[in-house]
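Shown next: structure_17.pdb, given as PDB, C-alpha atoms.
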```pdb
ATOM      1  CA  MET A 133       0.000   0.000   0.000
ATOM      2  CA  LYS A 134       2.789   2.393   0.975
ATOM      3  CA  ASN A 135       4.710   1.493  -2.188
ATOM      4  CA  ASN A 136       1.684   2.211  -4.364
ATOM      5  CA  PHE A 137       1.114   5.535  -2.645
ATOM      6  CA  LEU A 138       4.784   6.498  -3.046
ATOM      7  CA  LYS A 139       4.768   5.491  -6.718
ATOM      8  CA  ALA A 140       1.655   7.574  -7.378
ATOM      9  CA  ALA A 141       3.203  10.536  -5.570
ATOM     10  CA  LEU A 142       6.403  10.305  -7.608
ATOM     11  CA  VAL A 143       4.450  10.084 -10.872
ATOM     12  CA  GLY A 144       2.428  13.115  -9.826
ATOM     13  CA  LEU A 145       5.587  15.041  -8.963
ATOM     14  CA  ALA A 146       7.181  14.122 -12.309
ATOM     15  CA  ALA A 147       4.067  15.277 -14.147
ATOM     16  CA  LEU A 148       4.403  18.700 -12.548
ATOM     17  CA  LEU A 149       7.862  18.985 -14.107
ATOM     18  CA  LEU A 150       6.524  18.417 -17.634
ATOM     19  CA  PRO A 151       5.430  21.173 -20.032
ATOM     20  CA  GLU A 152       1.726  21.952 -19.890
ATOM     21  CA  LEU A 153      -0.061  20.303 -22.801
ATOM     22  CA  GLY A 154      -0.606  22.788 -25.607
ATOM     23  CA  SER A 155      -2.932  23.232 -28.556
ATOM     24  CA  THR A 156      -0.667  25.017 -31.037
ATOM     25  CA  ALA A 157      -1.188  24.258 -34.709
ATOM     26  CA  PRO A 158       1.532  21.834 -35.879
ATOM     27  CA  HIS A 159       3.560  22.224 -39.036
ATOM     28  CA  LEU A 160       2.058  19.793 -41.556
ATOM     29  CA  LEU A 161       3.920  17.888 -44.272
ATOM     30  CA  LEU A 162       1.082  17.887 -46.788
ATOM     31  CA  ARG A 163       0.120  14.977 -49.034
ATOM     32  CA  ASN A 164       0.312  15.328 -52.810
ATOM     33  CA  GLN A 165       1.992  18.702 -52.465
ATOM     34  CA  SER A 166       4.262  19.841 -55.249
ATOM     35  CA  ALA A 167       7.321  21.827 -54.302
ATOM     36  CA  GLY A 168       6.192  25.024 -56.006
ATOM     37  CA  GLN A 169       8.672  27.806 -56.605
ATOM     38  CA  PRO A 170      11.983  27.296 -54.797
ATOM     39  CA  ALA A 171      12.787  29.960 -52.226
ATOM     40  CA  ASP A 172      15.578  30.401 -49.721
ATOM     41  CA  LEU A 173      14.801  29.766 -46.080
ATOM     42  CA  VAL A 174      14.920  32.889 -43.904
ATOM     43  CA  TYR A 175      15.821  32.969 -40.219
ATOM     44  CA  GLN A 176      12.882  34.536 -38.418
ATOM     45  CA  GLY A 177      15.049  36.052 -35.668
ATOM     46  CA  ASN A 178      13.801  37.048 -32.215
ATOM     47  CA  ASN A 179      16.166  34.468 -30.650
ATOM     48  CA  ALA A 180      14.268  31.656 -32.376
ATOM     49  CA  PRO A 181      15.974  28.372 -31.409
ATOM     50  CA  ILE A 182      17.166  25.460 -33.500
ATOM     51  CA  MET A 183      18.519  22.100 -32.256
ATOM     52  CA  THR A 184      22.223  22.362 -31.427
ATOM     53  CA  GLY A 185      24.821  20.204 -29.683
ATOM     54  CA  ASN A 186      24.057  16.552 -28.940
ATOM     55  CA  VAL A 187      20.388  15.924 -29.729
ATOM     56  CA  ASN A 188      18.604  13.143 -27.841
ATOM     57  CA  VAL A 189      16.124  11.126 -29.906
ATOM     58  CA  TYR A 190      13.333   8.971 -28.494
ATOM     59  CA  PHE A 191      11.039   6.750 -30.560
ATOM     60  CA  ILE A 192       7.530   5.712 -29.621
ATOM     61  CA  TYR A 193       5.775   2.971 -31.558
ATOM     62  CA  TRP A 194       2.181   3.171 -30.329
ATOM     63  CA  MET A 195       0.937  -0.241 -31.356
ATOM     64  CA  PRO A 196      -1.915  -1.720 -29.262
ATOM     65  CA  LYS A 197      -3.099  -5.220 -30.133
ATOM     66  CA  THR A 198      -6.303  -3.826 -31.651
ATOM     67  CA  LEU A 199      -7.716  -0.584 -32.981
ATOM     68  CA  GLN A 200     -10.556   1.105 -31.098
ATOM     69  CA  ASP A 201     -13.251  -0.878 -32.935
ATOM     70  CA  GLY A 202     -11.581  -4.185 -32.038
ATOM     71  CA  THR A 203      -9.865  -4.736 -35.391
ATOM     72  CA  PRO A 204      -6.522  -6.533 -34.866
ATOM     73  CA  LEU A 205      -3.443  -4.769 -36.172
ATOM     74  CA  ASP A 206      -2.216  -5.658 -39.644
ATOM     75  CA  ALA A 207      -0.423  -9.030 -39.668
ATOM     76  CA  THR A 208       2.700  -7.331 -41.048
ATOM     77  CA  THR A 209       2.985  -4.864 -38.132
ATOM     78  CA  ASN A 210       5.946  -6.620 -36.492
ATOM     79  CA  ASN A 211       7.840  -6.670 -39.792
ATOM     80  CA  TYR A 212       6.979  -2.992 -40.281
ATOM     81  CA  LEU A 213       8.499  -2.169 -36.897
ATOM     82  CA  VAL A 214      11.681  -4.092 -37.722
ATOM     83  CA  PHE A 215      11.937  -2.174 -41.006
ATOM     84  CA  MET A 216      11.384   1.205 -39.348
ATOM     85  CA  LYS A 217      13.959   0.520 -36.626
ATOM     86  CA  GLN A 218      16.512  -0.480 -39.274
ATOM     87  CA  SER A 219      15.754   2.654 -41.313
ATOM     88  CA  ILE A 220      15.976   4.967 -38.314
ATOM     89  CA  ASN A 221      19.331   3.508 -37.365
ATOM     90  CA  ASP A 222      20.482   4.113 -40.954
ATOM     91  CA  ILE A 223      19.298   7.735 -40.905
ATOM     92  CA  LEU A 224      20.956   8.573 -37.605
ATOM     93  CA  THR A 225      24.350   7.033 -38.338
ATOM     94  CA  GLY A 226      25.224   9.980 -40.565
ATOM     95  CA  ASN A 227      24.198  10.978 -44.066
ATOM     96  CA  GLY A 228      24.431  13.669 -46.704
ATOM     97  CA  LEU A 229      21.162  15.245 -45.638
ATOM     98  CA  SER A 230      22.711  16.177 -42.286
ATOM     99  CA  SER A 231      25.389  18.188 -44.056
ATOM    100  CA  ILE A 232      22.672  20.297 -45.722
ATOM    101  CA  ALA A 233      20.894  21.044 -42.445
ATOM    102  CA  ALA A 234      24.199  22.000 -40.783
ATOM    103  CA  GLN A 235      24.285  25.371 -42.587
ATOM    104  CA  TYR A 236      21.282  26.712 -40.646
ATOM    105  CA  TYR A 237      21.823  28.499 -37.350
ATOM    106  CA  GLN A 238      20.263  30.335 -34.438
ATOM    107  CA  THR A 239      21.271  33.781 -33.213
ATOM    108  CA  ILE A 240      20.993  34.011 -29.444
ATOM    109  CA  LYS A 241      22.370  37.111 -27.713
ATOM    110  CA  GLY A 242      24.246  37.992 -30.891
ATOM    111  CA  LYS A 243      25.991  34.607 -31.216
ATOM    112  CA  ASN A 244      25.411  32.185 -34.101
ATOM    113  CA  THR A 245      25.215  28.461 -33.300
ATOM    114  CA  TYR A 246      24.599  25.915 -36.045
ATOM    115  CA  VAL A 247      22.221  22.985 -36.398
ATOM    116  CA  SER A 248      23.547  19.768 -34.922
ATOM    117  CA  ASN A 249      24.194  16.639 -36.962
ATOM    118  CA  LYS A 250      24.881  14.676 -33.772
ATOM    119  CA  LEU A 251      21.744  12.645 -33.107
ATOM    120  CA  PHE A 252      21.738   9.917 -30.470
ATOM    121  CA  ILE A 253      19.040   7.316 -29.882
ATOM    122  CA  GLU A 254      18.391   7.564 -26.151
ATOM    123  CA  GLY A 255      15.313   5.391 -25.937
ATOM    124  CA  ALA A 256      12.610   3.536 -27.828
ATOM    125  CA  ARG A 257       9.351   2.028 -26.693
ATOM    126  CA  THR A 258       6.739  -0.143 -28.351
ATOM    127  CA  ASP A 259       3.680   0.811 -26.332
ATOM    128  CA  LEU A 260       0.775  -1.658 -26.271
ATOM    129  CA  THR A 261      -1.482   0.739 -24.348
ATOM    130  CA  SER A 262      -4.932   0.959 -25.950
ATOM    131  CA  PHE A 263      -5.780   4.023 -27.991
ATOM    132  CA  PRO A 264      -8.273   6.465 -26.436
ATOM    133  CA  THR A 265     -11.844   5.929 -27.598
ATOM    134  CA  THR A 266     -12.828   9.585 -28.011
ATOM    135  CA  GLY A 267     -12.224   9.344 -31.769
ATOM    136  CA  CYS A 268     -12.091  12.156 -34.320
ATOM    137  CA  PRO A 269     -15.459  13.243 -35.774
ATOM    138  CA  GLU A 270     -13.672  15.115 -38.565
ATOM    139  CA  SER A 271     -11.813  12.062 -39.922
ATOM    140  CA  SER A 272     -12.966  10.776 -43.297
ATOM    141  CA  LEU A 273     -10.862   7.635 -42.836
ATOM    142  CA  SER A 274     -12.372   6.542 -39.523
ATOM    143  CA  SER A 275     -14.024   8.672 -36.848
ATOM    144  CA  VAL A 276     -13.544   5.772 -34.396
ATOM    145  CA  ASN A 277     -10.046   4.486 -35.184
ATOM    146  CA  CYS A 278      -8.338   7.824 -34.787
ATOM    147  CA  VAL A 279      -6.271   9.903 -32.353
ATOM    148  CA  GLU A 280      -5.868  13.656 -32.103
ATOM    149  CA  ASP A 281      -2.658  15.617 -31.565
ATOM    150  CA  SER A 282      -3.672  16.110 -27.920
ATOM    151  CA  ASP A 283      -3.712  12.308 -27.532
ATOM    152  CA  ILE A 284      -0.200  12.147 -29.005
ATOM    153  CA  GLN A 285       1.049  14.748 -26.526
ATOM    154  CA  ALA A 286      -0.499  12.847 -23.628
ATOM    155  CA  GLU A 287       1.096   9.579 -24.818
ATOM    156  CA  ILE A 288       4.551  11.177 -24.966
ATOM    157  CA  GLN A 289       4.206  12.755 -21.546
ATOM    158  CA  LYS A 290       3.010   9.466 -20.047
ATOM    159  CA  LEU A 291       6.131   7.672 -21.287
ATOM    160  CA  VAL A 292       8.451  10.520 -20.266
ATOM    161  CA  VAL A 293       7.210  10.045 -16.700
ATOM    162  CA  GLU A 294       7.190   6.234 -16.750
ATOM    163  CA  LYS A 295      10.599   5.823 -18.401
ATOM    164  CA  LYS A 296      12.202   8.935 -16.829
ATOM    165  CA  TRP A 297      13.191  10.190 -20.268
ATOM    166  CA  ASN A 298      15.174  13.383 -20.601
ATOM    167  CA  LEU A 299      13.493  16.444 -22.188
ATOM    168  CA  ASN A 300      16.653  18.534 -22.559
ATOM    169  CA  ASN A 301      17.653  19.048 -26.207
ATOM    170  CA  THR A 302      15.372  16.193 -27.176
ATOM    171  CA  ILE A 303      13.079  15.248 -30.051
ATOM    172  CA  PHE A 304      10.409  12.541 -30.026
ATOM    173  CA  LEU A 305       9.129  10.565 -33.014
ATOM    174  CA  VAL A 306       5.770   8.795 -32.710
ATOM    175  CA  TYR A 307       4.524   6.061 -35.057
ATOM    176  CA  THR A 308       0.975   4.710 -35.316
ATOM    177  CA  PRO A 309      -0.251   1.570 -37.120
ATOM    178  CA  ASN A 310      -2.032   0.884 -40.376
ATOM    179  CA  GLY A 311      -5.739   1.679 -40.017
ATOM    180  CA  GLU A 312      -5.346   4.345 -37.311
ATOM    181  CA  ASP A 313      -5.981   7.894 -38.495
ATOM    182  CA  VAL A 314      -4.314  10.906 -36.891
ATOM    183  CA  CYS A 315      -5.796  14.415 -36.761
ATOM    184  CA  ASP A 316      -4.209  17.662 -35.623
ATOM    185  CA  ASN A 317      -7.015  19.088 -33.417
ATOM    186  CA  ASN A 318      -7.584  21.667 -36.167
ATOM    187  CA  GLY A 319      -9.738  19.675 -38.588
ATOM    188  CA  ASN A 320      -6.856  18.203 -40.597
ATOM    189  CA  CYS A 321      -6.129  14.453 -40.755
ATOM    190  CA  THR A 322      -4.192  12.115 -43.045
ATOM    191  CA  THR A 323      -7.057  12.169 -45.586
ATOM    192  CA  THR A 324      -9.144  15.147 -44.428
ATOM    193  CA  GLY A 325      -8.795  18.926 -44.771
ATOM    194  CA  ASN A 326      -5.160  19.813 -45.347
ATOM    195  CA  ALA A 327      -4.355  16.104 -45.583
ATOM    196  CA  PHE A 328      -0.865  15.320 -44.331
ATOM    197  CA  CYS A 329       1.831  12.643 -44.377
ATOM    198  CA  GLY A 330       3.090  13.685 -40.948
ATOM    199  CA  TYR A 331       3.739  16.746 -38.838
ATOM    200  CA  HIS A 332       5.806  18.155 -36.025
ATOM    201  CA  ASN A 333       4.776  20.317 -33.140
ATOM    202  CA  ALA A 334       6.114  21.712 -29.860
ATOM    203  CA  VAL A 335       4.935  22.600 -26.395
ATOM    204  CA  PRO A 336       6.966  25.647 -25.302
ATOM    205  CA  ALA A 337       9.293  25.585 -22.332
ATOM    206  CA  SER A 338       7.898  26.856 -19.061
ATOM    207  CA  GLY A 339      10.153  28.033 -16.241
ATOM    208  CA  ASN A 340      12.811  25.357 -15.755
ATOM    209  CA  THR A 341      10.862  22.829 -17.804
ATOM    210  CA  PRO A 342      12.293  22.242 -21.319
ATOM    211  CA  ALA A 343      10.122  22.365 -24.412
ATOM    212  CA  LEU A 344       8.505  19.204 -25.746
ATOM    213  CA  VAL A 345       9.454  18.825 -29.430
ATOM    214  CA  TYR A 346       7.896  15.930 -31.321
ATOM    215  CA  SER A 347       6.767  14.615 -34.687
ATOM    216  CA  VAL A 348       4.107  12.127 -35.745
ATOM    217  CA  MET A 349       4.395   9.590 -38.557
ATOM    218  CA  PRO A 350       1.025   7.941 -39.254
ATOM    219  CA  TYR A 351       0.855   4.885 -41.498
ATOM    220  CA  THR A 352      -0.382   6.795 -44.541
ATOM    221  CA  GLY A 353       0.486   4.511 -47.426
ATOM    222  CA  ALA A 354       2.611   5.653 -50.332
ATOM    223  CA  ASN A 355      -0.002   7.726 -52.155
ATOM    224  CA  GLY A 356       1.093  11.343 -51.962
ATOM    225  CA  CYS A 357       3.759  10.644 -49.319
ATOM    226  CA  GLY A 358       6.455   8.659 -51.136
ATOM    227  CA  THR A 359       8.779   9.558 -53.987
ATOM    228  CA  GLY A 360       7.265   7.065 -56.438
ATOM    229  CA  THR A 361      10.438   4.976 -56.456
ATOM    230  CA  TYR A 362      10.861   2.216 -53.877
ATOM    231  CA  PRO A 363      14.186   0.364 -54.046
ATOM    232  CA  GLN A 364      13.290  -1.963 -51.153
ATOM    233  CA  ASN A 365       9.955  -2.857 -52.791
ATOM    234  CA  LYS A 366       7.965  -1.753 -49.752
ATOM    235  CA  PRO A 367       6.166   1.414 -50.950
ATOM    236  CA  ASP A 368       4.023   2.095 -47.878
ATOM    237  CA  TRP A 369       6.880   1.558 -45.442
ATOM    238  CA  GLU A 370       9.391   3.504 -47.507
ATOM    239  CA  ALA A 371       6.925   6.399 -47.707
ATOM    240  CA  VAL A 372       6.945   6.588 -43.886
ATOM    241  CA  VAL A 373      10.767   6.674 -43.979
ATOM    242  CA  ASN A 374      10.513   9.581 -46.423
ATOM    243  CA  THR A 375       8.213  11.393 -43.999
ATOM    244  CA  THR A 376      10.536  10.583 -41.097
ATOM    245  CA  THR A 377      13.557  12.213 -42.735
ATOM    246  CA  ALA A 378      11.596  15.351 -43.617
ATOM    247  CA  GLU A 379      10.257  15.627 -40.066
ATOM    248  CA  ILE A 380      13.629  15.055 -38.389
ATOM    249  CA  PHE A 381      15.236  17.880 -40.339
ATOM    250  CA  GLY A 382      12.160  20.055 -39.909
ATOM    251  CA  MET A 383      12.515  19.680 -36.139
ATOM    252  CA  LEU A 384      16.258  20.357 -36.208
ATOM    253  CA  THR A 385      15.911  23.593 -38.186
ATOM    254  CA  ASN A 386      12.513  24.744 -36.931
ATOM    255  CA  PRO A 387      11.737  23.042 -33.595
ATOM    256  CA  MET A 388       9.434  25.704 -32.161
ATOM    257  CA  LEU A 389       7.923  26.510 -35.586
ATOM    258  CA  ASN A 390       9.497  29.979 -35.634
ATOM    259  CA  ALA A 391      13.104  29.633 -36.904
ATOM    260  CA  TRP A 392      13.861  28.754 -40.559
ATOM    261  CA  LEU A 393      11.002  29.231 -43.031
ATOM    262  CA  THR A 394      10.458  30.560 -46.530
ATOM    263  CA  PRO A 395       8.489  33.818 -46.821
ATOM    264  CA  ASP A 396       5.356  31.728 -47.480
ATOM    265  CA  GLY A 397       5.907  29.484 -44.436
ATOM    266  CA  ARG A 398       7.565  26.373 -45.904
ATOM    267  CA  GLU A 399      10.298  24.378 -44.161
ATOM    268  CA  ILE A 400      13.527  22.762 -45.350
ATOM    269  CA  GLY A 401      11.666  19.668 -46.566
ATOM    270  CA  ASP A 402       8.467  21.330 -47.805
ATOM    271  CA  VAL A 403      10.353  23.353 -50.412
ATOM    272  CA  CYS A 404      11.551  20.125 -52.023
ATOM    273  CA  GLN A 405       8.448  17.966 -51.697
ATOM    274  CA  GLY A 406       7.908  16.067 -54.928
ATOM    275  CA  VAL A 407      11.376  17.005 -56.229
ATOM    276  CA  VAL A 408      13.748  14.286 -57.427
ATOM    277  CA  VAL A 409      17.403  15.161 -57.947
ATOM    278  CA  ASN A 410      17.966  12.737 -60.814
ATOM    279  CA  ALA A 411      21.710  13.304 -61.000
ATOM    280  CA  ASP A 412      22.076  11.891 -57.494
ATOM    281  CA  ALA A 413      20.001   8.718 -58.052
ATOM    282  CA  THR A 414      23.110   6.637 -58.648
ATOM    283  CA  TRP A 415      22.452   3.739 -56.269
ATOM    284  CA  ASP A 416      20.697   0.462 -57.021
ATOM    285  CA  ASN A 417      20.674   0.985 -60.799
ATOM    286  CA  GLY A 418      19.195   4.454 -60.498
ATOM    287  CA  MET A 419      16.441   3.475 -58.059
ATOM    288  CA  ALA A 420      17.925   5.193 -54.989
ATOM    289  CA  ASN A 421      19.598   8.462 -54.073
ATOM    290  CA  HIS A 422      20.929   7.223 -50.721
ATOM    291  CA  GLN A 423      22.741   4.119 -49.489
ATOM    292  CA  TRP A 424      23.173   3.752 -45.761
ATOM    293  CA  ASN A 425      24.592   0.609 -44.150
ATOM    294  CA  GLY A 426      23.937  -1.344 -47.339
ATOM    295  CA  HIS A 427      20.258  -0.334 -47.543
ATOM    296  CA  TYR A 428      18.927   1.733 -50.455
ATOM    297  CA  TYR A 429      16.496   4.630 -50.115
ATOM    298  CA  SER A 430      14.699   7.015 -52.436
ATOM    299  CA  LEU A 431      14.044  10.162 -50.407
ATOM    300  CA  GLN A 432      13.013  13.695 -51.181
ATOM    301  CA  PRO A 433      15.907  16.178 -50.962
ATOM    302  CA  LEU A 434      16.269  19.126 -48.599
ATOM    303  CA  TYR A 435      16.607  22.780 -49.488
ATOM    304  CA  ASP A 436      20.158  24.135 -49.557
ATOM    305  CA  ASN A 437      20.421  27.916 -49.172
ATOM    306  CA  HIS A 438      24.020  27.846 -50.426
ATOM    307  CA  LEU A 439      22.978  26.254 -53.713
ATOM    308  CA  HIS A 440      19.597  28.006 -53.812
ATOM    309  CA  ALA A 441      18.194  24.626 -54.792
ATOM    310  CA  CYS A 442      17.110  21.219 -53.524
ATOM    311  CA  ALA A 443      19.961  18.805 -52.884
ATOM    312  CA  ASP A 444      20.656  15.305 -51.587
ATOM    313  CA  ILE A 445      24.016  16.149 -50.054
ATOM    314  CA  GLY A 446      25.631  19.320 -48.724
ATOM    315  CA  TYR A 447      28.804  20.856 -50.013
TER     316      TYR A 447
END
```
What does this structure look like when you write it as structure tokens?
Amino acid sequence: MKNNFLKAALVGLAALLLPELGSTAPHLLLRNQSAGQPADLVYQGNNAPIMTGNVNVYFIYWMPKTLQDGTPLDATTNNYLVFMKQSINDILTGNGLSSIAAQYYQTIKGKNTYVSNKLFIEGARTDLTSFPTTGCPESSLSSVNCVEDSDIQAEIQKLVVEKKWNLNNTIFLVYTPNGEDVCDNNGNCTTTGNAFCGYHNAVPASGNTPALVYSVMPYTGANGCGTGTYPQNKPDWEAVVNTTTAEIFGMLTNPMLNAWLTPDGREIGDVCQGVVVNADATWDNGMANHQWNGHYYSLQPLYDNHLHACADIGY
């Protein structure tokens, strides 16, 4: 009894040290969006932060045994998780995309500090906790099998407390299964409104409590979220990897949604959505523009202010 009381008290105390859940509009990586006119990213100033130094990365695979309506998860879910973990390890072991992001900086008290390319996996969790049953009335995919951005925030904060994860200089990536829609609390879902492939958001720091910076990668399928070329012959899974890379570098260069943006509000990945740098597709007989740890990937490029163009590798 005493142990249970003490545990509850400690959890309550830890919760007080977390950022208060917010309802800011996330930055959406839209489906079926063409790149439009290229434009240099502009630092928005006002001490807007980026991610510098050693960046902690935590992964959350929210994968209950069933969806809200009782439907079991796709039989390939375990294989999907293995694939995503392999891909994430490939991304974080160093790549040409990191060298593009490294040119962007923050100016704090007159000093420039540049985006970090030092990302370290500090924790990962496959969470079997059931999804909330409040649903999303706005979802055209499923109003029942759906979570809102507020549910995502609550899931992250729950695991931060349970696992004693560090919030300092940290980003979180959350994955949901096939059949589960995600909405942003603003009427947009993976197939509704400003339909998206993924997004990132942030709860601002408060007092001594660091900000909560996170991204969400729903299982969207390849339509409108992949490059159209899939060297590993897994279009839906490779499309989620494509979203993951765009969201990681979006968080690094624009974690609080107020740092590096084009004049019309696009991020480092948005500017190049739908762009293929054909000259760099030299791997796997022209199927891939990246090879990491022996695995081939076809990924959208990032915008390089130095080149004033989309690129697969920095110079």
Taking the file as I've supplied it (selection: the PyMOL selection byres ((chain A and resi 377-387) around 7)), which residues are included? Please answer as a compact mmCIF listing (two decimals) with C-alpha atoms, in the coordinates of the input.
```
# COMPACT_ATOMS: atom_id res chain seq x y z
CA ILE A 182 17.17 25.46 -33.50
CA MET A 183 18.52 22.10 -32.26
CA ALA A 233 20.89 21.04 -42.44
CA TYR A 236 21.28 26.71 -40.65
CA VAL A 247 22.22 22.98 -36.40
CA TYR A 331 3.74 16.75 -38.84
CA HIS A 332 5.81 18.16 -36.02
CA ALA A 334 6.11 21.71 -29.86
CA VAL A 345 9.45 18.82 -29.43
CA SER A 347 6.77 14.62 -34.69
CA VAL A 373 10.77 6.67 -43.98
CA ASN A 374 10.51 9.58 -46.42
CA THR A 375 8.21 11.39 -44.00
CA THR A 376 10.54 10.58 -41.10
CA MET A 388 9.43 25.70 -32.16
CA LEU A 389 7.92 26.51 -35.59
CA ASN A 390 9.50 29.98 -35.63
CA ALA A 391 13.10 29.63 -36.90
CA TRP A 392 13.86 28.75 -40.56
CA GLU A 399 10.30 24.38 -44.16
CA ILE A 400 13.53 22.76 -45.35
CA GLY A 401 11.67 19.67 -46.57
```
Fewer than 5 positions away in the same chain doesn't count, so skip those; otherwise give me all residues within 12 Å of segment 262-276 of chain A, counting only C-alpha atoms, as a PyMOL selection string.
-> chain A and resi 194-205+281-284+286-287+308-327+352
Since we have the selection now, will you write its residues out, keeping C-alpha atoms, as a compact mmCIF listing (two decimals), keeping the file's coordinate frame?
```txt
# COMPACT_ATOMS: atom_id res chain seq x y z
CA TRP A 194 2.18 3.17 -30.33
CA MET A 195 0.94 -0.24 -31.36
CA PRO A 196 -1.92 -1.72 -29.26
CA LYS A 197 -3.10 -5.22 -30.13
CA THR A 198 -6.30 -3.83 -31.65
CA LEU A 199 -7.72 -0.58 -32.98
CA GLN A 200 -10.56 1.10 -31.10
CA ASP A 201 -13.25 -0.88 -32.94
CA GLY A 202 -11.58 -4.18 -32.04
CA THR A 203 -9.86 -4.74 -35.39
CA PRO A 204 -6.52 -6.53 -34.87
CA LEU A 205 -3.44 -4.77 -36.17
CA ASP A 281 -2.66 15.62 -31.56
CA SER A 282 -3.67 16.11 -27.92
CA ASP A 283 -3.71 12.31 -27.53
CA ILE A 284 -0.20 12.15 -29.00
CA ALA A 286 -0.50 12.85 -23.63
CA GLU A 287 1.10 9.58 -24.82
CA THR A 308 0.98 4.71 -35.32
CA PRO A 309 -0.25 1.57 -37.12
CA ASN A 310 -2.03 0.88 -40.38
CA GLY A 311 -5.74 1.68 -40.02
CA GLU A 312 -5.35 4.34 -37.31
CA ASP A 313 -5.98 7.89 -38.49
CA VAL A 314 -4.31 10.91 -36.89
CA CYS A 315 -5.80 14.42 -36.76
CA ASP A 316 -4.21 17.66 -35.62
CA ASN A 317 -7.02 19.09 -33.42
CA ASN A 318 -7.58 21.67 -36.17
CA GLY A 319 -9.74 19.68 -38.59
CA ASN A 320 -6.86 18.20 -40.60
CA CYS A 321 -6.13 14.45 -40.76
CA THR A 322 -4.19 12.12 -43.04
CA THR A 323 -7.06 12.17 -45.59
CA THR A 324 -9.14 15.15 -44.43
CA GLY A 325 -8.80 18.93 -44.77
CA ASN A 326 -5.16 19.81 -45.35
CA ALA A 327 -4.36 16.10 -45.58
CA THR A 352 -0.38 6.80 -44.54
```
Closest to Gln289 of chain A among A:Val335, A:Leu434, A:Leu173, A:Val187, using all atoms listed in the file?
->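 Closest candidate: A:Val335.
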The residue from A:Tyr193, A:Pro181, A:Tyr351, A:Asp396 with the smallest atom-to-atom distance to Ala337 of chain A, counting only C-alpha atoms, is A:Pro181
Report as a tab-separated table the residues of segment 236-264 of chain A within 12 Å of segment 214-227 of chain A, each with its shortest atom pair and distance in Å (one decimal), using all atoms listed in the file, ordered by chain and increasing residue number.
```
residue	atom	partner	partner_atom	distance
A:Ser248	CA	A:Gly226	CA	11.4
A:Asn249	CA	A:Gly226	CA	7.6
A:Lys250	CA	A:Leu224	CA	8.2
A:Leu251	CA	A:Leu224	CA	6.1
A:Phe252	CA	A:Leu224	CA	7.3
A:Ile253	CA	A:Leu224	CA	8.1
A:Glu254	CA	A:Leu224	CA	11.8
A:Gly255	CA	A:Lys217	CA	11.8
A:Ala256	CA	A:Lys217	CA	9.4
A:Arg257	CA	A:Lys217	CA	11.1
A:Thr258	CA	A:Lys217	CA	11.0
```
Shell of 10 Å around Ala354 of chain A, all atoms listed in the file, local chain residues under 6 positions omitted, as a PyMOL selection string | chain A and resi 163+329+360-362+366-372+374
Return the single residue from A:Thr209, A:Pro433, A:Asp416, A:Asn298 that is closest to Thr341 of chain A, with distances computed using all atoms listed in the file.
->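 When distances to Thr341 of chain A are compared using all atoms listed in the file, the smallest one comes from A:Asn298.
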Using the chain letters and residue numbers of this document, give as a list of chain:residue names the residues selected by the PyMOL selection byres ((chain A and resi 239-243) around 10).
->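 Selection result, ordered by chain and number: A:Tyr175, A:Gln176, A:Gly177, A:Asn178, A:Asn179, A:Ala180, A:Pro181, A:Ile182, A:Tyr237, A:Gln238, A:Asn244, A:Thr245, A:Tyr246, A:Ala391.
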List every protein, DNA or RNA residue that has at least one atom no more than 9 Å from (18.6, 17.9, -21.3) in the file's coordinates, counting all atoms listed in the file, and write the result as a list in words.
->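 All residues meeting the 9 Å criterion around (18.6, 17.9, -21.3) are Val187, Asn188, Asn298, Leu299, Asn300, Asn301, Thr302 and Pro342 of chain A.
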Pairwise distance for atom CA of Val306 of chain A and atom CA of Val174 of chain A, rounded to one decimal in Å |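 Those two atoms sit 28.1 Å apart.
Here atom CA of Phe304 of chain A is placed at a distance of 5.9 Å from atom CA of Val189 of chain A.
Pairwise distance (atom CA of Ala343 of chain A, atom CA of Ala157 of chain A) equals 15.4 Å.
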Sphere at (24.7, 16.5, -48.5), radius 6 Å, counting all atoms listed in the file: residues as a PyMOL selection string = chain A and resi 228-229+231-232+444-446
Take the PyMOL selection byres ((chain A and resi 429) around 9), apply it to the structure above, and return the hits as a ChimeraX atom specification.
-> /A:361-364,370,373-374,415,419-424,427-428,430-431
For the selection just defined, write its residues with C-alpha atoms to a file, as a PDB file, in the frame of the given file.
```pdb
ATOM      1  CA  THR A 361      10.438   4.976 -56.456  1.00  0.00           C
ATOM      2  CA  TYR A 362      10.861   2.216 -53.877  1.00  0.00           C
ATOM      3  CA  PRO A 363      14.186   0.364 -54.046  1.00  0.00           C
ATOM      4  CA  GLN A 364      13.290  -1.963 -51.153  1.00  0.00           C
ATOM      5  CA  GLU A 370       9.391   3.504 -47.507  1.00  0.00           C
ATOM      6  CA  VAL A 373      10.767   6.674 -43.979  1.00  0.00           C
ATOM      7  CA  ASN A 374      10.513   9.581 -46.423  1.00  0.00           C
ATOM      8  CA  TRP A 415      22.452   3.739 -56.269  1.00  0.00           C
ATOM      9  CA  MET A 419      16.441   3.475 -58.059  1.00  0.00           C
ATOM     10  CA  ALA A 420      17.925   5.193 -54.989  1.00  0.00           C
ATOM     11  CA  ASN A 421      19.598   8.462 -54.073  1.00  0.00           C
ATOM     12  CA  HIS A 422      20.929   7.223 -50.721  1.00  0.00           C
ATOM     13  CA  GLN A 423      22.741   4.119 -49.489  1.00  0.00           C
ATOM     14  CA  TRP A 424      23.173   3.752 -45.761  1.00  0.00           C
ATOM     15  CA  HIS A 427      20.258  -0.334 -47.543  1.00  0.00           C
ATOM     16  CA  TYR A 428      18.927   1.733 -50.455  1.00  0.00           C
ATOM     17  CA  SER A 430      14.699   7.015 -52.436  1.00  0.00           C
ATOM     18  CA  LEU A 431      14.044  10.162 -50.407  1.00  0.00           C
TER      19      LEU A 431
END
```
